[in-house]
$ cat work34.cif   # mmCIF, C-alpha atoms and all ligand atoms
data_data
loop_
_atom_site.label_atom_id
_atom_site.label_comp_id
_atom_site.auth_asym_id
_atom_site.auth_seq_id
_atom_site.Cartn_x
_atom_site.Cartn_y
_atom_site.Cartn_z
CA MET A 1 78.63 -20.51 71.90
CA THR A 2 80.02 -21.57 75.29
CA LYS A 3 81.51 -18.96 77.60
CA PRO A 4 85.10 -19.49 78.80
CA PRO A 5 85.13 -20.87 82.36
CA LEU A 6 85.80 -18.37 85.15
CA ASP A 7 89.27 -18.64 86.69
CA PRO A 8 88.69 -17.33 90.21
CA LYS A 9 92.43 -17.27 91.00
CA LYS A 10 92.81 -14.49 88.42
CA MET A 11 90.04 -12.36 89.96
CA ARG A 12 90.64 -9.43 92.24
CA GLU A 13 89.59 -9.93 95.86
CA ALA A 14 86.15 -8.28 95.75
CA THR A 15 85.27 -10.36 92.67
CA LYS A 16 86.44 -13.59 94.33
CA LEU A 17 84.12 -12.78 97.23
CA VAL A 18 81.14 -12.62 94.86
CA HIS A 19 81.92 -15.44 92.42
CA GLY A 20 84.60 -17.66 93.98
CA GLY A 21 83.73 -21.27 94.68
CA THR A 22 80.23 -21.17 93.17
CA LEU A 23 78.93 -24.62 92.18
CA ARG A 24 75.97 -23.99 89.88
CA SER A 25 73.36 -26.77 89.76
CA GLN A 26 71.54 -27.99 86.63
CA PHE A 27 68.95 -25.23 87.22
CA ALA A 28 71.54 -22.49 86.59
CA GLU A 29 70.47 -20.43 89.62
CA THR A 30 71.92 -16.93 90.12
CA SER A 31 72.31 -17.19 93.88
CA GLU A 32 74.19 -20.13 95.39
CA ALA A 33 71.93 -23.10 96.12
CA LEU A 34 71.23 -24.24 99.66
CA PHE A 35 71.71 -28.01 99.74
CA LEU A 36 69.80 -28.72 102.93
CA THR A 37 70.44 -32.45 102.90
CA GLN A 38 72.05 -34.86 105.32
CA GLY A 39 73.10 -37.40 102.74
CA PHE A 40 73.45 -38.26 99.05
CA VAL A 41 72.30 -41.19 96.94
CA TYR A 42 74.24 -43.33 94.47
CA GLU A 43 73.09 -44.67 91.09
CA THR A 44 74.52 -48.10 91.84
CA ALA A 45 76.20 -50.08 94.60
CA GLU A 46 79.41 -49.87 92.55
CA ALA A 47 79.15 -46.05 92.55
CA ALA A 48 78.72 -46.05 96.34
CA GLU A 49 81.79 -48.27 96.71
CA ALA A 50 83.86 -45.99 94.46
CA ARG A 51 82.75 -42.91 96.41
CA PHE A 52 83.74 -44.50 99.72
CA LYS A 53 87.09 -45.63 98.31
CA GLY A 54 87.79 -42.04 97.27
CA GLU A 55 87.92 -43.03 93.58
CA ASP A 56 84.96 -40.75 92.82
CA PRO A 57 85.18 -37.30 94.46
CA GLY A 58 81.44 -36.73 95.08
CA PHE A 59 79.66 -36.05 98.37
CA ILE A 60 78.90 -38.77 100.96
CA TYR A 61 77.43 -37.31 104.13
CA SER A 62 77.00 -33.74 105.37
CA ARG A 63 78.93 -34.33 108.60
CA PHE A 64 82.05 -34.04 106.46
CA SER A 65 81.09 -32.68 103.05
CA ASN A 66 78.18 -30.81 101.54
CA PRO A 67 78.00 -28.70 98.35
CA THR A 68 76.91 -25.48 100.09
CA VAL A 69 79.57 -25.90 102.78
CA SER A 70 82.16 -26.66 100.06
CA MET A 71 81.28 -23.41 98.27
CA PHE A 72 81.90 -21.49 101.49
CA GLU A 73 85.20 -23.33 102.06
CA GLU A 74 86.37 -22.72 98.49
CA ARG A 75 85.48 -19.01 98.57
CA MET A 76 87.39 -18.66 101.85
CA CYS A 77 90.42 -20.50 100.34
CA LEU A 78 90.48 -18.01 97.47
CA LEU A 79 90.27 -15.08 99.87
CA GLU A 80 92.95 -16.40 102.22
CA GLY A 81 95.26 -17.87 99.57
CA ALA A 82 94.90 -21.33 101.18
CA GLU A 83 94.98 -24.70 99.44
CA ALA A 84 92.31 -26.26 101.65
CA ALA A 85 89.74 -25.43 104.32
CA ARG A 86 87.23 -27.11 106.60
CA ALA A 87 84.24 -25.24 107.99
CA THR A 88 83.02 -25.87 111.54
CA ALA A 89 79.93 -25.16 113.65
CA SER A 90 81.60 -22.30 115.57
CA GLY A 91 84.89 -20.52 115.95
CA MET A 92 85.66 -22.55 119.07
CA ALA A 93 85.13 -25.80 117.14
CA ALA A 94 87.73 -24.51 114.65
CA VAL A 95 90.25 -23.55 117.37
CA THR A 96 89.76 -26.84 119.25
CA ALA A 97 90.21 -28.94 116.10
CA ALA A 98 93.21 -26.92 114.89
CA LEU A 99 94.99 -27.54 118.21
CA MET A 100 93.78 -31.01 119.21
CA GLY A 101 94.17 -32.35 115.68
CA GLN A 102 97.93 -31.73 115.89
CA VAL A 103 98.89 -33.00 119.34
CA ARG A 104 99.02 -36.15 121.42
CA ALA A 105 99.97 -36.96 125.04
CA GLY A 106 103.51 -35.78 125.82
CA ASP A 107 103.40 -32.83 123.40
CA HIS A 108 103.65 -29.17 124.40
CA VAL A 109 101.95 -26.01 123.13
CA VAL A 110 103.14 -22.40 123.47
CA ALA A 111 100.48 -19.68 123.30
CA ALA A 112 100.30 -15.94 123.77
CA ARG A 113 98.80 -15.17 127.17
CA ALA A 114 96.36 -12.59 125.71
CA LEU A 115 93.90 -15.13 124.35
CA PHE A 116 90.10 -15.16 124.09
CA GLY A 117 88.78 -16.83 127.28
CA SER A 118 87.53 -20.03 125.63
CA CYS A 119 90.82 -20.43 123.74
CA LEU A 120 92.62 -20.06 127.05
CA TYR A 121 90.38 -22.83 128.44
CA VAL A 122 91.37 -25.16 125.57
CA VAL A 123 95.09 -24.45 126.07
CA GLU A 124 95.21 -24.35 129.86
CA ASP A 125 92.46 -26.77 130.98
CA LEU A 126 91.47 -29.08 128.15
CA LEU A 127 94.82 -30.01 126.56
CA PRO A 128 96.49 -30.88 129.91
CA ARG A 129 93.68 -33.38 130.59
CA PHE A 130 95.01 -35.33 127.62
CA GLY A 131 98.66 -35.03 128.65
CA VAL A 132 99.50 -31.97 126.52
CA THR A 133 101.29 -29.28 128.52
CA SER A 134 101.33 -25.59 127.68
CA THR A 135 103.28 -22.40 128.36
CA LEU A 136 101.84 -18.89 128.05
CA VAL A 137 104.08 -16.03 126.93
CA ASP A 138 103.89 -12.29 126.38
CA GLY A 139 103.15 -12.40 122.64
CA THR A 140 104.99 -9.14 121.96
CA ASP A 141 108.29 -10.57 123.28
CA LEU A 142 110.03 -12.77 120.69
CA ALA A 143 112.62 -13.88 123.28
CA GLN A 144 109.81 -15.36 125.41
CA TRP A 145 108.45 -17.34 122.43
CA ARG A 146 111.94 -18.67 121.74
CA ALA A 147 112.65 -19.53 125.38
CA ALA A 148 109.34 -21.34 125.87
CA ILE A 149 109.92 -23.86 123.07
CA ARG A 150 110.97 -27.36 124.18
CA PRO A 151 111.92 -30.40 122.11
CA GLU A 152 108.34 -31.68 122.47
CA THR A 153 106.69 -28.37 121.40
CA LYS A 154 104.39 -29.04 118.47
CA VAL A 155 102.29 -25.88 118.13
CA LEU A 156 102.55 -22.12 118.71
CA PHE A 157 99.19 -20.35 118.95
CA LEU A 158 98.20 -16.67 118.95
CA GLU A 159 95.54 -14.16 118.01
CA SER A 160 96.52 -10.79 116.59
CA PRO A 161 95.21 -8.18 117.18
CA THR A 162 94.28 -9.50 120.60
CA ASN A 163 91.03 -9.28 122.50
CA PRO A 164 90.41 -6.74 124.04
CA THR A 165 93.59 -4.64 124.19
CA LEU A 166 94.41 -4.96 120.46
CA GLU A 167 98.06 -5.95 120.92
CA VAL A 168 99.67 -6.88 117.61
CA TYR A 169 102.21 -9.70 117.26
CA ASP A 170 104.88 -10.17 114.62
CA ILE A 171 103.41 -13.19 112.79
CA ALA A 172 106.33 -13.62 110.34
CA ALA A 173 108.93 -13.60 113.13
CA ILE A 174 106.92 -16.01 115.33
CA ALA A 175 106.37 -18.36 112.36
CA GLU A 176 110.13 -18.40 111.81
CA ILE A 177 110.75 -19.24 115.47
CA ALA A 178 108.20 -22.08 115.24
CA HIS A 179 109.70 -23.52 112.05
CA GLU A 180 113.31 -23.37 113.35
CA LYS A 181 112.18 -25.75 116.09
CA GLY A 182 109.95 -27.97 113.93
CA ALA A 183 106.68 -26.62 115.37
CA THR A 184 103.71 -25.10 113.54
CA LEU A 185 102.06 -21.70 114.02
CA VAL A 186 98.25 -21.42 114.27
CA VAL A 187 96.81 -17.89 114.04
CA ASP A 188 93.32 -16.92 115.17
CA ASN A 189 92.67 -14.08 112.70
CA VAL A 190 89.26 -13.03 113.99
CA PHE A 191 90.06 -9.45 114.98
CA ALA A 192 91.90 -8.58 111.75
CA SER A 193 89.43 -10.37 109.43
CA PRO A 194 90.60 -12.09 106.24
CA ILE A 195 90.47 -8.76 104.40
CA LEU A 196 93.12 -7.01 106.50
CA GLN A 197 95.61 -9.74 107.38
CA LYS A 198 96.79 -12.92 105.61
CA PRO A 199 98.64 -15.05 108.17
CA LEU A 200 99.44 -17.86 105.70
CA LYS A 201 101.29 -15.39 103.47
CA LEU A 202 103.22 -14.25 106.57
CA GLY A 203 104.38 -17.83 107.22
CA ALA A 204 101.69 -19.25 109.55
CA ASP A 205 100.76 -22.88 108.93
CA CYS A 206 97.09 -22.64 109.80
CA VAL A 207 94.51 -19.86 110.18
CA VAL A 208 91.28 -20.14 112.15
CA TYR A 209 88.22 -17.91 112.21
CA SER A 210 85.11 -17.47 114.18
CA ALA A 211 82.94 -16.83 111.10
CA THR A 212 80.36 -15.69 113.65
CA LYS A 213 82.14 -12.33 113.67
CA HIS A 214 82.94 -10.25 110.53
CA ILE A 215 82.32 -13.10 108.08
CA ASP A 216 78.61 -13.37 108.92
CA GLY A 217 78.80 -9.79 110.15
CA GLN A 218 75.07 -9.46 110.60
CA GLY A 219 74.51 -11.20 113.91
CA ARG A 220 72.74 -14.34 112.63
CA CYS A 221 74.75 -17.56 112.69
CA LEU A 222 77.63 -19.18 114.49
CA GLY A 223 80.35 -20.67 112.33
CA GLY A 224 84.06 -21.28 112.04
CA ILE A 225 86.68 -22.28 109.52
CA ILE A 226 90.22 -23.72 109.43
CA LEU A 227 92.47 -22.89 106.47
CA ALA A 228 95.89 -24.35 105.66
CA SER A 229 97.85 -26.32 103.05
CA LYS A 230 96.22 -29.46 101.68
CA ASP A 231 98.85 -31.55 103.49
CA PHE A 232 98.09 -29.87 106.83
CA ILE A 233 94.32 -30.34 106.45
CA ASP A 234 94.71 -33.97 105.33
CA LYS A 235 97.16 -34.81 108.11
CA HIS A 236 95.71 -32.95 111.11
CA ILE A 237 92.17 -31.75 110.47
CA HIS A 238 90.12 -33.78 108.02
CA ASN A 239 89.84 -36.99 110.00
CA PHE A 240 89.49 -35.22 113.34
CA LEU A 241 86.46 -33.28 112.11
CA ARG A 242 85.01 -36.17 110.09
CA GLN A 243 85.03 -38.51 113.07
CA THR A 244 84.14 -36.07 115.87
CA GLY A 245 81.49 -34.12 113.95
CA PRO A 246 81.45 -30.36 114.72
CA ALA A 247 80.17 -29.69 111.20
CA LEU A 248 78.84 -26.37 109.92
CA SER A 249 75.17 -26.61 108.98
CA PRO A 250 74.56 -26.08 105.23
CA PHE A 251 72.07 -23.36 106.16
CA ASN A 252 74.70 -21.44 108.14
CA ALA A 253 77.23 -22.01 105.33
CA TRP A 254 74.75 -20.46 102.89
CA ILE A 255 74.37 -17.40 105.14
CA MET A 256 78.16 -17.09 105.36
CA LEU A 257 78.53 -17.42 101.58
CA LYS A 258 76.06 -14.63 100.97
CA SER A 259 77.79 -12.54 103.65
CA LEU A 260 81.17 -12.93 101.95
CA GLU A 261 79.75 -11.04 98.95
CA THR A 262 79.69 -7.88 101.07
CA LEU A 263 82.68 -8.54 103.36
CA HIS A 264 85.03 -6.22 101.49
CA LEU A 265 82.55 -3.34 101.53
CA ARG A 266 81.60 -3.86 105.16
CA ILE A 267 85.17 -4.04 106.47
CA THR A 268 86.20 -0.97 104.45
CA GLN A 269 83.28 1.08 105.75
CA GLN A 270 83.50 -0.14 109.36
CA MET A 271 87.25 0.50 109.41
CA GLU A 272 86.86 4.02 108.03
CA SER A 273 84.38 4.82 110.82
CA ALA A 274 86.60 3.14 113.46
CA ALA A 275 89.60 5.28 112.45
CA LYS A 276 87.49 8.45 112.63
CA ILE A 277 86.08 7.48 116.04
CA ALA A 278 89.58 6.67 117.38
CA VAL A 279 90.77 10.18 116.47
CA LEU A 280 87.88 11.88 118.26
CA LEU A 281 88.03 9.65 121.34
CA ALA A 282 91.76 10.38 121.68
CA LEU A 283 91.00 14.13 121.76
CA HIS A 284 88.34 13.80 124.47
CA PRO A 285 89.46 15.00 127.93
CA ASN A 286 87.64 12.16 129.72
CA VAL A 287 89.20 9.36 127.68
CA ARG A 288 92.47 8.28 129.25
CA ARG A 289 93.91 6.19 126.43
CA VAL A 290 92.84 4.94 123.02
CA ILE A 291 94.19 1.74 121.50
CA TYR A 292 93.63 1.44 117.75
CA PRO A 293 96.05 -0.49 115.52
CA GLY A 294 95.64 2.12 112.77
CA ARG A 295 97.06 4.95 114.89
CA PRO A 296 100.74 5.95 114.82
CA ASP A 297 100.80 5.85 118.66
CA HIS A 298 99.83 2.14 118.77
CA PRO A 299 102.67 0.31 120.61
CA GLN A 300 103.20 -2.03 117.64
CA ALA A 301 102.44 0.50 114.87
CA GLU A 302 105.47 -0.59 112.86
CA ILE A 303 104.32 -4.25 112.81
CA VAL A 304 100.79 -3.13 111.90
CA ARG A 305 102.21 -1.30 108.86
CA ARG A 306 104.07 -4.43 107.78
CA GLN A 307 101.41 -7.07 108.27
CA MET A 308 97.95 -5.46 108.18
CA ALA A 309 96.13 -3.58 105.45
CA GLY A 310 94.46 -1.29 107.99
CA GLY A 311 93.71 -0.83 111.67
CA GLY A 312 90.52 -2.92 111.80
CA THR A 313 87.01 -2.35 113.05
CA LEU A 314 87.63 -2.42 116.81
CA VAL A 315 88.73 0.39 119.11
CA ALA A 316 89.64 -0.03 122.79
CA PHE A 317 89.66 2.94 125.14
CA GLU A 318 89.61 3.79 128.79
CA VAL A 319 87.05 6.18 130.23
CA ASP A 320 87.51 8.19 133.40
CA GLY A 321 85.99 6.90 136.62
CA GLY A 322 87.02 3.21 136.57
CA LYS A 323 84.22 0.63 136.62
CA ALA A 324 81.56 3.20 137.67
CA GLY A 325 82.58 5.51 134.83
CA ALA A 326 82.60 2.64 132.33
CA PHE A 327 79.13 1.46 133.42
CA ALA A 328 77.69 5.02 133.36
CA PHE A 329 79.13 5.43 129.85
CA ALA A 330 77.77 2.12 128.51
CA ASN A 331 74.34 2.70 130.08
CA ALA A 332 74.10 6.17 128.47
CA LEU A 333 74.70 4.89 124.91
CA SER A 334 71.60 4.73 122.77
CA ILE A 335 72.60 3.64 119.23
CA ILE A 336 75.51 1.47 120.35
CA SER A 337 74.32 -1.67 122.16
CA ILE A 338 75.93 -3.41 125.12
CA SER A 339 77.03 -6.87 123.91
CA ASN A 340 79.98 -9.24 124.07
CA ASN A 341 79.94 -9.89 120.31
CA LEU A 342 81.96 -8.10 117.63
CA GLY A 343 82.30 -7.66 113.88
CA ASP A 344 78.59 -6.93 113.48
CA ALA A 345 76.75 -4.39 111.29
CA LYS A 346 75.42 -3.01 114.57
CA SER A 347 77.96 -1.20 116.76
CA LEU A 348 78.54 -3.01 120.05
CA ILE A 349 80.23 -1.98 123.28
CA THR A 350 81.81 -4.41 125.75
CA HIS A 351 83.17 -3.95 129.26
CA PRO A 352 85.77 -6.77 129.18
CA ALA A 353 86.66 -6.70 132.91
CA THR A 354 83.11 -7.73 133.95
CA THR A 355 82.05 -9.83 130.94
CA THR A 356 84.39 -11.56 128.45
CA HIS A 357 87.40 -11.51 130.79
CA GLN A 358 85.52 -11.60 134.09
CA ARG A 359 86.91 -15.02 135.05
CA LEU A 360 90.51 -13.76 135.04
CA ALA A 361 91.95 -12.81 138.45
CA PRO A 362 92.37 -9.04 138.93
CA GLU A 363 96.16 -9.32 138.79
CA VAL A 364 95.97 -11.23 135.47
CA GLN A 365 93.57 -8.61 134.11
CA ALA A 366 96.06 -5.92 135.17
CA THR A 367 98.96 -7.71 133.42
CA LEU A 368 96.89 -7.86 130.25
CA GLY A 369 95.97 -4.16 130.48
CA ILE A 370 92.28 -4.91 131.17
CA THR A 371 91.63 -2.00 133.53
CA PRO A 372 88.24 -1.31 135.20
CA GLY A 373 87.63 1.65 132.83
CA LEU A 374 88.54 -0.22 129.61
CA MET A 375 85.82 -0.46 126.94
CA ARG A 376 85.95 -2.36 123.64
CA LEU A 377 83.96 -0.87 120.78
CA SER A 378 83.10 -2.93 117.70
CA VAL A 379 82.27 -0.37 115.03
CA GLY A 380 79.32 -1.22 112.79
CA LEU A 381 77.78 0.10 109.62
CA GLU A 382 75.81 3.02 111.05
CA ASP A 383 76.71 6.55 109.91
CA ALA A 384 79.97 7.42 111.69
CA ASP A 385 78.60 10.82 112.73
CA ASP A 386 75.65 9.20 114.53
CA LEU A 387 78.08 6.92 116.36
CA ILE A 388 80.32 9.84 117.31
CA GLU A 389 77.35 11.83 118.66
CA ASP A 390 76.25 8.80 120.67
CA LEU A 391 79.75 8.31 122.14
CA MET A 392 80.13 12.01 122.97
CA GLN A 393 76.77 12.29 124.74
CA ALA A 394 77.60 9.15 126.76
CA LEU A 395 80.95 10.65 127.80
CA ASP A 396 79.06 13.80 128.85
CA ALA A 397 76.78 11.60 130.97
CA VAL A 398 79.84 10.21 132.82
CA LYS A 399 80.90 13.78 133.58
CA ARG A 400 77.38 14.81 134.69
CA GLN A 401 77.37 11.94 137.17
CA GLY A 402 80.57 13.34 138.69
CA LEU A 403 82.64 10.31 137.62
CA ALA A 404 84.97 12.05 135.19
CA ALA A 405 87.83 14.46 135.78
CA GLU A 406 86.83 18.14 135.36
C1 LIG B 1 89.36 -14.19 119.09
C2 LIG B 1 88.22 -15.16 119.13
N1 LIG B 1 88.45 -16.45 118.79
C3 LIG B 1 87.47 -17.37 118.82
C4 LIG B 1 86.19 -17.02 119.19
C5 LIG B 1 85.14 -18.09 119.26
O1 LIG B 1 84.20 -17.98 118.24
P1 LIG B 1 82.71 -18.59 118.35
O2 LIG B 1 81.96 -17.73 119.32
O3 LIG B 1 82.20 -18.52 116.95
O4 LIG B 1 82.84 -19.99 118.84
C6 LIG B 1 85.90 -15.71 119.53
C7 LIG B 1 84.52 -15.34 119.95
O5 LIG B 1 84.27 -14.32 120.54
C8 LIG B 1 86.94 -14.74 119.51
O6 LIG B 1 86.73 -13.46 119.84
#
$ encode --input "work34.cif" --output "structure tokens"
Amino acid sequence: MTKPPLDPKKMREATKLVHGGTLRSQFAETSEALFLTQGFVYETAEAAEARFKGEDPGFIYSRFSNPTVSMFEERMCLLEGAEAARATASGMAAVTAALMGQVRAGDHVVAARALFGSCLYVVEDLLPRFGVTSTLVDGTDLAQWRAAIRPETKVLFLESPTNPTLEVYDIAAIAEIAHEKGATLVVDNVFASPILQKPLKLGADCVVYSATKHIDGQGRCLGGIILASKDFIDKHIHNFLRQTGPALSPFNAWIMLKSLETLHLRITQQMESAAKIAVLLALHPNVRRVIYPGRPDHPQAEIVRRQMAGGGTLVAFEVDGGKAGAFAFANALSIISISNNLGDAKSLITHPATTTHQRLAPEVQATLGITPGLMRLSVGLEDADDLIEDLMQALDAVKRQGLAAE
């Protein structure tokens, strides 16, 4: 008796994350196989010719296709509701390919000004070297997006929520603005994660991830992925990646695949703790402001309700005492580690003004709301009560050092 084949499209999300995209080998292994191979062999010269002509859909060379990497891509397509995907060696390789694959000299890109530093480098420094100009806008202001578009604008680019101040942009409205003018919208969905926000369903043309963050979620491997329609991937991405080579290693793809099995559980748990922590931080007398997309006082709370399935795993907040207060606070933490990473099982604290956003001029930091006392907390999988105790004792330490208001 043969079992009916699984139809992953009919599965619920958590099931897709466990079974979607699995290519079982002739050994019928339970866990996905790691195909740690550079290349593939052909039975005959005719078979090799057919493979290269695209008449036989098998694998050719791991710079552009590999069974383990394909399983990761397919599982991500099912999760995102995308027709096609290409995995990359890092999130920045995904962002760079998603932008550079679409433009040529003379084109123009519009991006939200609150971008991750390396993304800002690609838009503001790298693209202009190849004759592609750019305009940065306040991502919350739809009129600025509209006004920035020129006849030669090809791409609009944003991340939402943003790093580190967790601003949220109206993806559906910005996609509409892009499409009215014949441009595309690329969304970096790292902070929301694919569990909480589906930019393609909101009208974006392309979604990029640093899989290094929640997708691995356990601090091991770098990785990235680009998801879009098959037409978009064929036209803009496939050849760019195939010929330039920022491929994801099959080993890292295997780690990511195994991580996807627990993504739903991890995000749910980390988000529950983040929401609890945000409430307690907001009540603390030495915390000046708390930014958490799941709170009703978030400036874009109404957009969050429409486009996200929850507030996420990151909380931003400002401690009393400026930079000295922030440093005293971070140094007093014991469970939560000081790091610039996010989305990890381990809770991590970042002082954006002196690390991730250090290169921005003070006035640019001020415009973006990156104040000297601002901290970004990536909530992990520890018991929320242990994290809360750690945060509270660190806030007490700020007060003991005379840096907080009485
Ligand atoms: C919003 C955002 N996009 C892209 C990246 C780049 O990802 P990677 O470090 O995997 O290259 C990061 C990394 O911190 C990020 O926070």
$ axis_aligned_box --input "work34.cif" --around "ligand LIG 1 (chain B)" --padding-each-side "5 Å" --output "JSON"
{"center_x": 85.7, "center_y": -16.7, "center_z": 118.7, "size_x": 17.4, "size_y": 16.5, "size_z": 13.6}
$ atom_distance --input "work34.cif" --atom1 "atom CA of Pro285 of chain A" --atom2 "atom CA of Glu382 of chain A"
24.8 Å
$ residues_around --input "work34.cif" --residues "Met308 of chain A" --least-positions-apart "4" --cutoff "10 Å" --atoms "all atoms listed in the file" --output "number ranges by chain"
A: 161, 168, 192-193, 195-199, 293-294, 303-304, 312
$ residues_near_ligand --input "work34.cif" --ligand "ligand LIG 1 (chain B)" --cutoff "8 Å" --atoms "all atoms listed in the file" --output "list of chain:residue names"
A:Ala89, A:Ser90, A:Gly91, A:Met92, A:Ala93, A:Ala94, A:Val95, A:Leu115, A:Phe116, A:Ser118, A:Cys119, A:Glu159, A:Thr162, A:Asn163, A:Asp188, A:Asn189, A:Val190, A:Phe191, A:Tyr209, A:Ser210, A:Ala211, A:Thr212, A:Lys213, A:Leu222, A:Gly223, A:Gly224, A:Asn340, A:Asn341, A:Leu342
$ closest_residue --input "work34.cif" --among "A:Val207, A:Met271, A:Ala228, A:Ala366" --to "Leu158 of chain A" --atoms "all atoms listed in the file"
A:Val207
$ residues_around --input "work34.cif" --residues "Val103 of chain A" --least-positions-apart "6" --cutoff "9 Å" --atoms "all atoms listed in the file" --output "list in words"
Val109, Leu127, Val132, Lys154, Val155 and His236 of chain A
$ write_last_selection --input "work34.cif" --atoms "C-alpha atoms" --output "PDB file, in the frame of the given file"
ATOM      1  CA  VAL A 109     101.950 -26.010 123.130  1.00  0.00           C
ATOM      2  CA  LEU A 127      94.820 -30.010 126.560  1.00  0.00           C
ATOM      3  CA  VAL A 132      99.500 -31.970 126.520  1.00  0.00           C
ATOM      4  CA  LYS A 154     104.390 -29.040 118.470  1.00  0.00           C
ATOM      5  CA  VAL A 155     102.290 -25.880 118.130  1.00  0.00           C
ATOM      6  CA  HIS A 236      95.710 -32.950 111.110  1.00  0.00           C
TER       7      HIS A 236
END
$ residues_near_point --input "work34.cif" --point "(91.4, 3.8, 126.9)" --cutoff "6 Å" --atoms "all atoms listed in the file" --output "ChimeraX atom specification"
/A:288-290,316-319,374
$ closest_residue --input "work34.cif" --among "A:Ala324, A:Ala143, A:Val41, A:Cys206" --to "Glu83 of chain A" --atoms "only C-alpha atoms"
A:Cys206
$ residues_around --input "work34.cif" --residues "segment 331-336 of chain A" --least-positions-apart "5" --cutoff "12 Å" --atoms "only C-alpha atoms" --output "mmCIF file with C-alpha atoms, keeping the file's coordinate frame"
data_model
loop_
_atom_site.group_PDB
_atom_site.id
_atom_site.type_symbol
_atom_site.label_atom_id
_atom_site.label_comp_id
_atom_site.auth_asym_id
_atom_site.auth_seq_id
_atom_site.Cartn_x
_atom_site.Cartn_y
_atom_site.Cartn_z
ATOM 1 C CA ALA A 324 81.560 3.200 137.670
ATOM 2 C CA GLY A 325 82.580 5.510 134.830
ATOM 3 C CA ALA A 326 82.600 2.640 132.330
ATOM 4 C CA LEU A 342 81.960 -8.100 117.630
ATOM 5 C CA ASP A 344 78.590 -6.930 113.480
ATOM 6 C CA ALA A 345 76.750 -4.390 111.290
ATOM 7 C CA LYS A 346 75.420 -3.010 114.570
ATOM 8 C CA SER A 347 77.960 -1.200 116.760
ATOM 9 C CA LEU A 348 78.540 -3.010 120.050
ATOM 10 C CA ILE A 349 80.230 -1.980 123.280
ATOM 11 C CA THR A 350 81.810 -4.410 125.750
ATOM 12 C CA HIS A 351 83.170 -3.950 129.260
ATOM 13 C CA ARG A 376 85.950 -2.360 123.640
ATOM 14 C CA LEU A 377 83.960 -0.870 120.780
ATOM 15 C CA SER A 378 83.100 -2.930 117.700
ATOM 16 C CA VAL A 379 82.270 -0.370 115.030
ATOM 17 C CA GLY A 380 79.320 -1.220 112.790
ATOM 18 C CA LEU A 381 77.780 0.100 109.620
ATOM 19 C CA GLU A 382 75.810 3.020 111.050
ATOM 20 C CA ASP A 383 76.710 6.550 109.910
ATOM 21 C CA ALA A 384 79.970 7.420 111.690
ATOM 22 C CA ASP A 385 78.600 10.820 112.730
ATOM 23 C CA ASP A 386 75.650 9.200 114.530
ATOM 24 C CA LEU A 387 78.080 6.920 116.360
ATOM 25 C CA ILE A 388 80.320 9.840 117.310
ATOM 26 C CA GLU A 389 77.350 11.830 118.660
ATOM 27 C CA ASP A 390 76.250 8.800 120.670
ATOM 28 C CA LEU A 391 79.750 8.310 122.140
ATOM 29 C CA MET A 392 80.130 12.010 122.970
ATOM 30 C CA GLN A 393 76.770 12.290 124.740
ATOM 31 C CA ALA A 394 77.600 9.150 126.760
ATOM 32 C CA LEU A 395 80.950 10.650 127.800
ATOM 33 C CA ASP A 396 79.060 13.800 128.850
ATOM 34 C CA ALA A 397 76.780 11.600 130.970
ATOM 35 C CA VAL A 398 79.840 10.210 132.820
ATOM 36 C CA LYS A 399 80.900 13.780 133.580
ATOM 37 C CA ARG A 400 77.380 14.810 134.690
ATOM 38 C CA GLN A 401 77.370 11.940 137.170
#
$ atom_distance --input "work34.cif" --atom1 "atom CA of Ala105 of chain A" --atom2 "atom CA of Leu185 of chain A"
18.9 Å
$ residues_near_point --input "work34.cif" --point "(90.4, -4.7, 96.0)" --cutoff "12 Å" --atoms "all atoms listed in the file" --output "ChimeraX atom specification"
/A:11-17,79,195-196,263-265,267-268,309
